[in-house]
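Here is the file entry-v4.pdb (PDB, C-alpha atoms and all ligand atoms).
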```pdb
ATOM      1  CA  MET A   1     269.062  79.373  30.400
ATOM      2  CA  ALA A   2     270.997  79.402  33.624
ATOM      3  CA  GLU A   3     274.034  81.481  32.896
ATOM      4  CA  VAL A   4     277.380  80.226  34.131
ATOM      5  CA  ASP A   5     279.507  83.060  32.800
ATOM      6  CA  SER A   6     279.170  86.803  32.980
ATOM      7  CA  ARG A   7     280.998  87.614  29.772
ATOM      8  CA  PRO A   8     279.297  90.142  27.517
ATOM      9  CA  ALA A   9     277.353  88.881  24.553
ATOM     10  CA  ALA A  10     277.784  90.500  21.162
ATOM     11  CA  HIS A  11     274.120  90.861  20.325
ATOM     12  CA  LYS A  12     273.453  93.471  22.985
ATOM     13  CA  PHE A  13     274.855  96.055  20.580
ATOM     14  CA  ASP A  14     272.701  97.675  17.905
ATOM     15  CA  ILE A  15     270.322  95.056  16.596
ATOM     16  CA  LYS A  16     268.582  96.061  13.426
ATOM     17  CA  PRO A  17     267.153  93.018  11.716
ATOM     18  CA  ILE A  18     267.408  93.131   7.949
ATOM     19  CA  ILE A  19     264.560  91.123   6.551
ATOM     20  CA  LYS A  20     264.185  90.519   2.858
ATOM     21  CA  GLU A  21     260.434  89.951   2.974
ATOM     22  CA  LYS A  22     257.901  92.691   3.550
ATOM     23  CA  LEU A  23     255.496  91.883   6.348
ATOM     24  CA  SER A  24     252.149  90.714   5.016
ATOM     25  CA  SER A  25     248.818  90.070   6.600
ATOM     26  CA  ALA A  26     248.236  86.440   7.586
ATOM     27  CA  SER A  27     244.750  86.517   6.075
ATOM     28  CA  THR A  28     246.078  87.217   2.560
ATOM     29  CA  ARG A  29     248.273  84.133   2.388
ATOM     30  CA  SER A  30     247.416  80.624   1.223
ATOM     31  CA  ARG A  31     247.776  77.924   3.858
ATOM     32  CA  PRO A  32     249.664  74.903   2.516
ATOM     33  CA  ALA A  33     249.555  71.716   4.602
ATOM     34  CA  PHE A  34     252.757  70.124   5.919
ATOM     35  CA  GLN A  35     253.509  66.986   3.899
ATOM     36  CA  PRO A  36     256.412  64.975   5.353
ATOM     37  CA  ASP A  37     257.212  63.321   2.017
ATOM     38  CA  THR A  38     257.529  66.721   0.297
ATOM     39  CA  HIS A  39     258.801  68.963   3.082
ATOM     40  CA  LEU A  40     261.310  66.799   4.945
ATOM     41  CA  ALA A  41     264.790  66.754   3.420
ATOM     42  CA  TYR A  42     266.307  64.233   5.853
ATOM     43  CA  ARG A  43     268.259  61.421   4.209
ATOM     44  CA  GLU A  44     270.755  59.798   6.555
ATOM     45  CA  ALA A  45     271.810  59.999  10.179
ATOM     46  CA  PRO A  46     274.488  62.670  10.778
ATOM     47  CA  LYS A  47     277.642  62.133  12.811
ATOM     48  CA  VAL A  48     277.108  62.796  16.498
ATOM     49  CA  LEU A  49     279.306  63.550  19.475
ATOM     50  CA  GLY A  50     278.439  61.458  22.523
ATOM     51  CA  MET A  51     278.575  62.669  26.111
ATOM     52  CA  LYS A  52     281.617  60.388  26.476
ATOM     53  CA  ASP A  53     283.282  62.069  23.481
ATOM     54  CA  ILE A  54     283.171  65.416  25.262
ATOM     55  CA  GLY A  55     284.366  64.012  28.558
ATOM     56  CA  LEU A  56     281.028  63.960  30.389
ATOM     57  CA  PRO A  57     279.505  60.953  32.179
ATOM     58  CA  GLU A  58     276.893  59.144  30.045
ATOM     59  CA  ASP A  59     274.312  59.269  32.829
ATOM     60  CA  VAL A  60     274.500  63.022  33.439
ATOM     61  CA  GLY A  61     271.663  63.679  30.979
ATOM     62  CA  ILE A  62     268.773  61.717  29.535
ATOM     63  CA  SER A  63     270.655  60.340  26.514
ATOM     64  CA  PRO A  64     274.252  59.344  25.669
ATOM     65  CA  ILE A  65     274.169  61.855  22.753
ATOM     66  CA  ALA A  66     275.585  65.369  23.232
ATOM     67  CA  ILE A  67     275.357  67.151  19.850
ATOM     68  CA  SER A  68     274.927  66.287  16.181
ATOM     69  CA  GLU A  69     276.636  67.581  13.085
ATOM     70  CA  PRO A  70     274.315  69.688  10.881
ATOM     71  CA  PHE A  71     271.918  67.582   8.767
ATOM     72  CA  PRO A  72     269.255  68.475   6.162
ATOM     73  CA  LEU A  73     265.829  68.499   7.869
ATOM     74  CA  PHE A  74     263.397  70.756   5.965
ATOM     75  CA  THR A  75     263.306  71.479   2.215
ATOM     76  CA  GLU A  76     263.756  75.006   0.896
ATOM     77  CA  GLU A  77     260.048  75.077   0.060
ATOM     78  CA  ALA A  78     259.169  74.232   3.684
ATOM     79  CA  VAL A  79     261.534  76.915   5.020
ATOM     80  CA  ASN A  80     259.981  79.487   2.686
ATOM     81  CA  ILE A  81     256.457  78.591   3.833
ATOM     82  CA  MET A  82     257.583  78.939   7.472
ATOM     83  CA  ARG A  83     259.235  82.292   6.716
ATOM     84  CA  GLY A  84     255.960  83.438   5.161
ATOM     85  CA  GLU A  85     254.144  82.484   8.365
ATOM     86  CA  ILE A  86     256.422  84.483  10.656
ATOM     87  CA  PHE A  87     256.840  87.572   8.462
ATOM     88  CA  THR A  88     253.356  88.846   9.115
ATOM     89  CA  ASN A  89     252.165  91.941  10.944
ATOM     90  CA  GLU A  90     250.264  89.736  13.385
ATOM     91  CA  VAL A  91     253.388  87.824  14.467
ATOM     92  CA  TRP A  92     255.640  90.881  14.782
ATOM     93  CA  GLU A  93     252.973  92.797  16.715
ATOM     94  CA  ASN A  94     252.047  89.964  19.067
ATOM     95  CA  CYS A  95     255.078  87.673  19.365
ATOM     96  CA  MET A  96     258.223  89.859  19.323
ATOM     97  CA  HIS A  97     260.394  89.841  22.449
ATOM     98  CA  SER A  98     263.582  91.801  22.946
ATOM     99  CA  THR A  99     265.976  91.188  25.843
ATOM    100  CA  GLU A 100     269.651  91.598  26.550
ATOM    101  CA  PHE A 101     270.074  87.873  25.958
ATOM    102  CA  ALA A 102     268.510  88.013  22.499
ATOM    103  CA  GLY A 103     267.732  91.288  20.796
ATOM    104  CA  CYS A 104     264.931  90.026  18.580
ATOM    105  CA  GLN A 105     262.961  86.866  19.199
ATOM    106  CA  LEU A 106     259.581  85.701  17.922
ATOM    107  CA  ARG A 107     257.802  83.384  20.363
ATOM    108  CA  GLY A 108     254.402  81.878  20.862
ATOM    109  CA  HIS A 109     253.296  82.036  17.212
ATOM    110  CA  CYS A 110     252.615  78.266  17.064
ATOM    111  CA  PRO A 111     250.000  77.069  16.329
ATOM    112  CA  LYS A 112     247.861  80.244  16.064
ATOM    113  CA  TYR A 113     249.848  82.221  13.490
ATOM    114  CA  ALA A 114     252.085  79.453  12.126
ATOM    115  CA  PRO A 115     250.051  76.266  11.648
ATOM    116  CA  PHE A 116     252.427  74.846   9.014
ATOM    117  CA  MET A 117     255.412  75.296  11.331
ATOM    118  CA  TYR A 118     253.462  73.730  14.200
ATOM    119  CA  ASP A 119     252.435  70.748  12.072
ATOM    120  CA  ALA A 120     256.028  70.345  10.841
ATOM    121  CA  TRP A 121     257.383  70.031  14.396
ATOM    122  CA  THR A 122     254.607  67.821  15.726
ATOM    123  CA  ASN A 123     254.529  65.443  12.733
ATOM    124  CA  PRO A 124     255.443  61.875  13.801
ATOM    125  CA  LYS A 125     258.043  61.621  10.993
ATOM    126  CA  THR A 126     259.829  64.793  12.163
ATOM    127  CA  LEU A 127     259.748  63.566  15.763
ATOM    128  CA  ALA A 128     261.139  60.185  14.684
ATOM    129  CA  ILE A 129     264.104  61.920  12.984
ATOM    130  CA  VAL A 130     264.915  64.176  15.935
ATOM    131  CA  SER A 131     264.461  61.282  18.391
ATOM    132  CA  LYS A 132     266.715  58.963  16.399
ATOM    133  CA  ILE A 133     269.523  61.522  16.346
ATOM    134  CA  ALA A 134     269.019  62.435  20.022
ATOM    135  CA  GLY A 135     269.158  58.770  21.046
ATOM    136  CA  ILE A 136     265.896  59.030  23.002
ATOM    137  CA  ASP A 137     262.202  59.290  22.103
ATOM    138  CA  LEU A 138     261.348  63.017  22.265
ATOM    139  CA  ILE A 139     258.248  65.201  21.920
ATOM    140  CA  PRO A 140     258.052  69.010  21.692
ATOM    141  CA  MET A 141     258.350  70.673  25.082
ATOM    142  CA  ILE A 142     255.352  73.054  25.183
ATOM    143  CA  ASP A 143     253.723  74.945  22.293
ATOM    144  CA  ILE A 144     255.335  78.252  23.271
ATOM    145  CA  ASP A 145     258.759  76.721  22.567
ATOM    146  CA  ILE A 146     257.922  75.292  19.175
ATOM    147  CA  GLY A 147     259.620  77.234  16.367
ATOM    148  CA  ASN A 148     261.121  79.966  18.542
ATOM    149  CA  ILE A 149     262.712  82.413  16.066
ATOM    150  CA  ASN A 150     265.989  84.232  16.737
ATOM    151  CA  VAL A 151     266.773  87.116  14.412
ATOM    152  CA  SER A 152     270.298  88.475  14.581
ATOM    153  CA  VAL A 153     272.610  90.598  12.516
ATOM    154  CA  GLN A 154     276.371  90.674  12.621
ATOM    155  CA  GLU A 155     277.112  94.376  12.273
ATOM    156  CA  PRO A 156     277.764  96.857  13.642
ATOM    157  CA  LEU A 157     279.688  95.932  16.737
ATOM    158  CA  LYS A 158     280.570  99.140  18.536
ATOM    159  CA  ASN A 159     283.337  97.671  20.576
ATOM    160  CA  PRO A 160     284.246  94.205  19.374
ATOM    161  CA  GLY A 161     287.732  94.500  20.867
ATOM    162  CA  LYS A 162     286.264  94.422  24.345
ATOM    163  CA  LEU A 163     284.706  91.028  23.898
ATOM    164  CA  VAL A 164     286.502  88.170  25.585
ATOM    165  CA  ASN A 165     286.855  85.367  23.090
ATOM    166  CA  GLN A 166     288.402  81.934  22.884
ATOM    167  CA  SER A 167     290.394  82.949  19.839
ATOM    168  CA  ASN A 168     290.870  86.112  17.841
ATOM    169  CA  ASP A 169     287.963  85.630  15.485
ATOM    170  CA  ASP A 170     285.316  84.007  17.723
ATOM    171  CA  ILE A 171     282.640  86.402  18.913
ATOM    172  CA  PRO A 172     279.973  84.881  21.140
ATOM    173  CA  VAL A 173     276.342  85.778  20.449
ATOM    174  CA  THR A 174     275.212  84.100  23.651
ATOM    175  CA  LYS A 175     276.972  83.740  26.988
ATOM    176  CA  TRP A 176     278.094  80.318  28.142
ATOM    177  CA  HIS A 177     274.956  78.651  29.433
ATOM    178  CA  VAL A 178     272.914  75.510  29.772
ATOM    179  CA  ASP A 179     269.361  75.506  28.407
ATOM    180  CA  SER A 180     266.170  75.303  30.463
ATOM    181  CA  TYR A 181     264.912  72.262  28.550
ATOM    182  CA  PRO A 182     266.413  68.789  27.861
ATOM    183  CA  PHE A 183     267.008  68.920  24.068
ATOM    184  CA  VAL A 184     266.886  71.523  21.321
ATOM    185  CA  CYS A 185     266.837  71.307  17.556
ATOM    186  CA  VAL A 186     268.174  74.438  15.842
ATOM    187  CA  VAL A 187     267.316  75.013  12.168
ATOM    188  CA  MET A 188     268.921  77.636   9.903
ATOM    189  CA  MET A 189     266.224  79.733   8.215
ATOM    190  CA  SER A 190     268.517  82.022   6.179
ATOM    191  CA  ASP A 191     270.828  81.503   3.248
ATOM    192  CA  ALA A 192     274.032  80.690   5.137
ATOM    193  CA  SER A 193     276.149  79.820   2.090
ATOM    194  CA  GLN A 194     278.139  83.082   2.381
ATOM    195  CA  MET A 195     278.359  83.031   6.179
ATOM    196  CA  ILE A 196     281.557  82.387   8.061
ATOM    197  CA  GLY A 197     281.352  81.303  11.690
ATOM    198  CA  GLY A 198     277.993  80.622  13.323
ATOM    199  CA  GLU A 199     279.263  77.524  15.094
ATOM    200  CA  THR A 200     278.017  76.122  18.377
ATOM    201  CA  ALA A 201     280.850  76.024  20.933
ATOM    202  CA  VAL A 202     280.639  73.251  23.512
ATOM    203  CA  LYS A 203     282.641  72.935  26.725
ATOM    204  CA  THR A 204     284.043  69.490  27.468
ATOM    205  CA  GLY A 205     284.327  67.913  30.908
ATOM    206  CA  SER A 206     287.968  69.006  31.078
ATOM    207  CA  GLY A 207     287.165  72.618  30.080
ATOM    208  CA  GLU A 208     288.303  72.333  26.467
ATOM    209  CA  ILE A 209     286.187  73.969  23.775
ATOM    210  CA  ILE A 210     284.866  72.070  20.774
ATOM    211  CA  LYS A 211     283.183  73.868  17.892
ATOM    212  CA  VAL A 212     280.432  72.247  15.823
ATOM    213  CA  ARG A 213     279.849  73.978  12.487
ATOM    214  CA  GLY A 214     276.607  75.867  11.907
ATOM    215  CA  PRO A 215     273.849  74.517   9.645
ATOM    216  CA  GLN A 216     272.981  75.668   6.105
ATOM    217  CA  MET A 217     269.437  76.757   5.175
ATOM    218  CA  GLY A 218     266.924  74.039   6.116
ATOM    219  CA  SER A 219     269.556  72.060   8.015
ATOM    220  CA  ALA A 220     269.497  71.388  11.735
ATOM    221  CA  VAL A 221     271.654  70.620  14.759
ATOM    222  CA  VAL A 222     270.371  68.574  17.718
ATOM    223  CA  LEU A 223     271.856  69.421  21.133
ATOM    224  CA  GLN A 224     271.300  68.106  24.664
ATOM    225  CA  GLY A 225     271.382  71.705  25.873
ATOM    226  CA  ARG A 226     270.193  71.166  29.454
ATOM    227  CA  HIS A 227     273.324  69.238  30.373
ATOM    228  CA  ILE A 228     275.985  70.715  28.106
ATOM    229  CA  THR A 229     277.544  74.131  28.625
ATOM    230  CA  HIS A 230     277.480  75.845  25.251
ATOM    231  CA  GLN A 231     277.363  79.140  23.429
ATOM    232  CA  ALA A 232     276.482  80.301  19.924
ATOM    233  CA  LEU A 233     279.262  82.016  17.973
ATOM    234  CA  ALA A 234     278.590  84.931  15.658
ATOM    235  CA  ALA A 235     278.503  84.570  11.890
ATOM    236  CA  VAL A 236     279.739  87.146   9.440
ATOM    237  CA  GLY A 237     278.506  87.566   5.883
ATOM    238  CA  GLY A 238     274.899  87.271   4.765
ATOM    239  CA  ALA A 239     272.317  90.022   5.211
ATOM    240  CA  GLU A 240     270.282  88.292   7.896
ATOM    241  CA  ARG A 241     270.629  85.316  10.163
ATOM    242  CA  ILE A 242     267.435  83.700  11.350
ATOM    243  CA  THR A 243     267.394  80.492  13.350
ATOM    244  CA  MET A 244     264.412  78.440  14.493
ATOM    245  CA  ILE A 245     264.728  76.625  17.805
ATOM    246  CA  THR A 246     262.340  73.948  19.014
ATOM    247  CA  SER A 247     262.737  72.440  22.481
ATOM    248  CA  PHE A 248     262.026  68.835  23.358
ATOM    249  CA  ARG A 249     261.358  66.643  26.396
ATOM    250  CA  PRO A 250     261.265  62.859  26.805
ATOM    251  CA  ARG A 251     258.043  61.161  25.632
ATOM    252  CA  ASP A 252     258.250  58.562  28.418
ATOM    253  CA  PRO A 253     256.914  60.186  31.626
ATOM    254  CA  LEU A 254     259.222  58.014  33.726
ATOM    255  CA  VAL A 255     262.412  59.494  32.229
ATOM    256  CA  PRO A 256     263.889  62.132  34.579
ATOM    257  CA  ASP A 257     263.245  65.660  33.312
ATOM    258  CA  SER A 258     265.044  68.569  34.938
ATOM    259  CA  SER A 259     263.297  71.311  32.929
ATOM    260  CA  VAL A 260     263.040  74.767  34.476
ATOM    261  CA  LEU A 261     261.763  78.144  33.269
ATOM    262  CA  THR A 262     264.837  80.233  34.135
ATOM    263  CA  SER A 263     265.518  81.568  30.650
ATOM    264  CA  ILE A 264     261.924  81.248  29.458
ATOM    265  CA  ARG A 265     260.103  83.449  31.995
ATOM    266  CA  PRO A 266     261.561  86.817  30.849
ATOM    267  CA  ILE A 267     260.632  86.225  27.199
ATOM    268  CA  SER A 268     257.147  84.736  27.505
ATOM    269  CA  ASP A 269     253.575  85.791  28.032
ATOM    270  CA  HIS A 270     253.092  84.599  31.622
ATOM    271  CA  SER A 271     249.444  83.646  31.364
ATOM    272  CA  GLU A 272     250.139  81.392  28.386
ATOM    273  CA  LEU A 273     253.449  80.087  29.760
ATOM    274  CA  TYR A 274     252.072  79.061  33.149
ATOM    275  CA  PHE A 275     249.049  77.386  31.558
ATOM    276  CA  GLN A 276     251.296  75.343  29.239
ATOM    277  CA  TRP A 277     253.860  74.595  31.965
ATOM    278  CA  THR A 278     251.200  73.414  34.441
ATOM    279  CA  GLU A 279     249.419  71.371  31.772
ATOM    280  CA  TYR A 280     252.647  69.579  30.816
ATOM    281  CA  ARG A 281     253.734  68.988  34.420
ATOM    282  CA  VAL A 282     250.327  67.614  35.436
ATOM    283  CA  GLU A 283     250.128  65.408  32.324
ATOM    284  CA  VAL A 284     253.529  63.873  33.118
ATOM    285  CA  LEU A 285     252.530  63.343  36.741
ATOM    286  CA  GLN A 286     249.249  61.772  35.643
ATOM    287  CA  GLY A 287     251.186  59.374  33.403
ATOM    288  CA  ARG A 288     253.540  58.436  36.232
ATOM    289  CA  LEU A 289     250.703  57.891  38.716
ATOM    290  CA  GLN A 290     248.838  55.652  36.270
ATOM    291  CA  ILE A 291     251.943  53.523  35.660
ATOM    292  CA  MET A 292     252.586  53.326  39.406
ATOM    293  CA  LEU A 293     248.972  52.402  40.144
ATOM    294  CA  ASP A 294     248.949  49.634  37.519
ATOM    295  CA  MET A 295     252.207  48.195  38.850
ATOM    296  CA  LEU A 296     251.075  48.411  42.452
ATOM    297  CA  ARG A 297     247.802  46.585  41.756
ATOM    298  CA  GLU A 298     249.425  43.934  39.582
ATOM    299  CA  HIS A 299     252.056  43.275  42.237
ATOM    300  CA  HIS A 300     249.407  43.038  44.955
ATOM    301  CA  ARG A 301     247.090  40.762  42.955
ATOM    302  CA  ALA A 302     249.978  38.413  42.296
ATOM    303  CA  GLY A 303     250.217  37.969  46.053
ATOM    304  CA  ASN A 304     253.539  39.789  46.508
ATOM    305  CA  PRO A 305     254.388  41.741  49.676
ATOM    306  CA  THR A 306     254.131  45.521  49.317
ATOM    307  CA  ASP A 307     257.482  47.108  48.374
ATOM    308  CA  VAL A 308     257.419  49.954  50.882
ATOM    309  CA  ALA A 309     260.872  51.300  49.990
ATOM    310  CA  LYS A 310     259.939  51.531  46.304
ATOM    311  CA  ILE A 311     256.652  53.287  47.069
ATOM    312  CA  LYS A 312     258.404  55.831  49.281
ATOM    313  CA  GLU A 313     261.048  56.486  46.637
ATOM    314  CA  PHE A 314     258.366  57.012  43.985
ATOM    315  CA  LEU A 315     256.346  59.339  46.216
ATOM    316  CA  LYS A 316     259.452  61.354  47.068
ATOM    317  CA  GLN A 317     260.202  61.824  43.345
ATOM    318  CA  GLN A 318     256.656  63.091  42.753
ATOM    319  CA  GLU A 319     256.901  65.476  45.714
ATOM    320  CA  GLU A 320     260.033  66.924  44.119
ATOM    321  CA  TRP A 321     258.269  67.083  40.754
ATOM    322  CA  LEU A 322     255.355  69.070  42.212
ATOM    323  CA  SER A 323     257.663  71.250  44.268
ATOM    324  CA  CYS A 324     259.670  72.183  41.140
ATOM    325  CA  THR A 325     256.456  72.694  39.158
ATOM    326  CA  ASN A 326     255.251  75.154  41.777
ATOM    327  CA  LYS A 327     258.607  76.878  42.315
ATOM    328  CA  GLU A 328     258.967  77.692  38.620
ATOM    329  CA  ILE A 329     255.652  79.575  38.610
ATOM    330  CA  VAL A 330     256.621  83.034  39.809
ATOM    331  CA  PRO A 331     253.716  85.449  40.194
ATOM    332  CA  VAL A 332     254.501  88.937  38.915
TER     333      VAL A 332
HETATM  334 FE    FE B   1     271.317  77.248  24.353
END
```
Represent the supplied structure as structure tokens.
Ligand SMILES: [Fe+2]
Amino acid sequence: MAEVDSRPAAHKFDIKPIIKEKLSSASTRSRPAFQPDTHLAYREAPKVLGMKDIGLPEDVGISPIAISEPFPLFTEEAVNIMRGEIFTNEVWENCMHSTEFAGCQLRGHCPKYAPFMYDAWTNPKTLAIVSKIAGIDLIPMIDIDIGNINVSVQEPLKNPGKLVNQSNDDIPVTKWHVDSYPFVCVVMMSDASQMIGGETAVKTGSGEIIKVRGPQMGSAVVLQGRHITHQALAAVGGAERITMITSFRPRDPLVPDSSVLTSIRPISDHSELYFQWTEYRVEVLQGRLQIMLDMLREHHRAGNPTDVAKIKEFLKQQEEWLSCTNKEIVPV
């Protein structure tokens, strides 16, 4: 996430995750299959804020939708199966990342260690729900950013008085930022019924701050994070707070996609990240070239003159695409 503010974030102070479950070995657990009819709790479309509603131009992003209200997505049973998948020795030994931005993150466990979670996010019915709310057809970004887990605790804060907040009781857990990827869907994985706070704060075009309430267990919020400056606010109450974040990109290769790896690079295994990044970038380019080739041939066969300006514009876009693809790969 490209930071736009240098204010301190609360989570950099003592992070000691309190997890109810004991870690188990993945091999000792049963492996239930994701069943959309059983494991999806979605009923009706939530209220959404449009880009216009927060004072931003509708064409600044890839969809007119900015952020949704929380809505039920996964059943409690599904959340518990997912929790079982991530609370294993294998995941905590191989997938834990700790940075100043987020003290405790689990990444890269899908699909190897968390096949149920992977199937849940790649199921066509789940994608249809997220896409409908986002106002654009979406698919998961890359596997590494499916089911990213953030573990945070609220206490203790050594010096909460030093934090610069919008109001007396708002403590940011992230700095103001935009995400690296077009859309995110954030799901609450803990019992949040006793939690106060935990909202997402969003900055409007005129600099005002709007707060969208945090989700309850199994519920989700969809956010066009690449184009909206936002921050997560701390929650108090509840022993643990675990959120699951999956990132999305447009399914249609022709839709502009300004993804970068700014916030992803420091918290990822580089070999895996650069494989997945290159695979996705080349696949999109392949899709674009095929569409272009089909159009070009059809146009030519119909006896039309070659549209040189259009070809040059298309080629320029692909040059920029490849240039960005290459620039984001930073050898260590
Ligand atoms: Fe974000």
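Picture a line from CA of Met292 in chain A to CA of Ser323 in chain A; it runs 19.3 Å.
CA of Asn80 in chain A to CA of Met188 in chain A spans 11.6 Å [interatomic distance, one decimal].
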Subject >> Picked residues, the PyMOL selection byres (((chain A and resi 234) around 7) and not hetatm), expected as number ranges by chain >> reply: A: 154, 171-173, 197-198, 232-233, 235-236
**OP:** Carefully work through the PyMOL selection byres (((not hetatm)) within 6 of (chain B and resi 1)) for this structure and note down the residues it includes, as a PyMOL selection string.
**Re:** chain A and resi 178-179+225
**OP:** Please write the residues picked by the PyMOL selection byres (((chain A and resi 200-206) around 12) and not hetatm) on this file as a PyMOL selection string.
**Re:** chain A and resi 4+49-58+60+66-70+165-167+170-178+186+197-199+207-215+220-225+227-235
Write the residues of the preceding selection, restricted to C-alpha atoms, as a compact mmCIF listing (two decimals), in the coordinates of the input.
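The resulting selection_28.txt:
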```txt
# COMPACT_ATOMS: atom_id res chain seq x y z
CA VAL A 4 277.38 80.23 34.13
CA LEU A 49 279.31 63.55 19.48
CA GLY A 50 278.44 61.46 22.52
CA MET A 51 278.58 62.67 26.11
CA LYS A 52 281.62 60.39 26.48
CA ASP A 53 283.28 62.07 23.48
CA ILE A 54 283.17 65.42 25.26
CA GLY A 55 284.37 64.01 28.56
CA LEU A 56 281.03 63.96 30.39
CA PRO A 57 279.50 60.95 32.18
CA GLU A 58 276.89 59.14 30.04
CA VAL A 60 274.50 63.02 33.44
CA ALA A 66 275.58 65.37 23.23
CA ILE A 67 275.36 67.15 19.85
CA SER A 68 274.93 66.29 16.18
CA GLU A 69 276.64 67.58 13.08
CA PRO A 70 274.32 69.69 10.88
CA ASN A 165 286.86 85.37 23.09
CA GLN A 166 288.40 81.93 22.88
CA SER A 167 290.39 82.95 19.84
CA ASP A 170 285.32 84.01 17.72
CA ILE A 171 282.64 86.40 18.91
CA PRO A 172 279.97 84.88 21.14
CA VAL A 173 276.34 85.78 20.45
CA THR A 174 275.21 84.10 23.65
CA LYS A 175 276.97 83.74 26.99
CA TRP A 176 278.09 80.32 28.14
CA HIS A 177 274.96 78.65 29.43
CA VAL A 178 272.91 75.51 29.77
CA VAL A 186 268.17 74.44 15.84
CA GLY A 197 281.35 81.30 11.69
CA GLY A 198 277.99 80.62 13.32
CA GLU A 199 279.26 77.52 15.09
CA GLY A 207 287.17 72.62 30.08
CA GLU A 208 288.30 72.33 26.47
CA ILE A 209 286.19 73.97 23.78
CA ILE A 210 284.87 72.07 20.77
CA LYS A 211 283.18 73.87 17.89
CA VAL A 212 280.43 72.25 15.82
CA ARG A 213 279.85 73.98 12.49
CA GLY A 214 276.61 75.87 11.91
CA PRO A 215 273.85 74.52 9.64
CA ALA A 220 269.50 71.39 11.74
CA VAL A 221 271.65 70.62 14.76
CA VAL A 222 270.37 68.57 17.72
CA LEU A 223 271.86 69.42 21.13
CA GLN A 224 271.30 68.11 24.66
CA GLY A 225 271.38 71.70 25.87
CA HIS A 227 273.32 69.24 30.37
CA ILE A 228 275.98 70.72 28.11
CA THR A 229 277.54 74.13 28.62
CA HIS A 230 277.48 75.84 25.25
CA GLN A 231 277.36 79.14 23.43
CA ALA A 232 276.48 80.30 19.92
CA LEU A 233 279.26 82.02 17.97
CA ALA A 234 278.59 84.93 15.66
CA ALA A 235 278.50 84.57 11.89
```
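CA of Val255 in chain A is positioned 14.9 Å from CA of Pro140 in chain A.
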**OP:** For each of A:Gly61, A:Gly238, A:Pro253, A:Gly135, take the minimum atom-to-atom distance to Val282 in chain A, counting only C-alpha atoms, then give the residue where this is smallest.
**Re:**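 Looking only at the distances to Val282 in chain A, the closest residue turns out to be A:Pro253.
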**OP:** Choose the residue, out of A:Ala192, A:Glu279, A:Met82, A:Pro266, that has the smallest atom-to-atom separation from Asp119 in chain A; count all atoms listed in the file.
**Re:**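 Looking only at the distances to Asp119 in chain A, the closest residue turns out to be A:Met82.
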Original post:
Taking (266.2, 68.7, 26.4) in the file's coordinates, which residues come within 10 Å, counting only C-alpha atoms, written as a ChimeraX atom specification?
Top reply: /A:61-63,134,138-141,179-185,222-227,246-250,257-259
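Proximity ranking of A:Asp37, A:Glu319, A:Glu272, A:Asp307 relative to Asp143 in chain A places A:Glu272 first, based on all atoms listed in the file.
Among the candidate residues A:Leu40, A:Glu76, A:His270, A:Arg297, the one lying nearest to Asp191 in chain A is A:Glu76, with distances computed using all atoms listed in the file.
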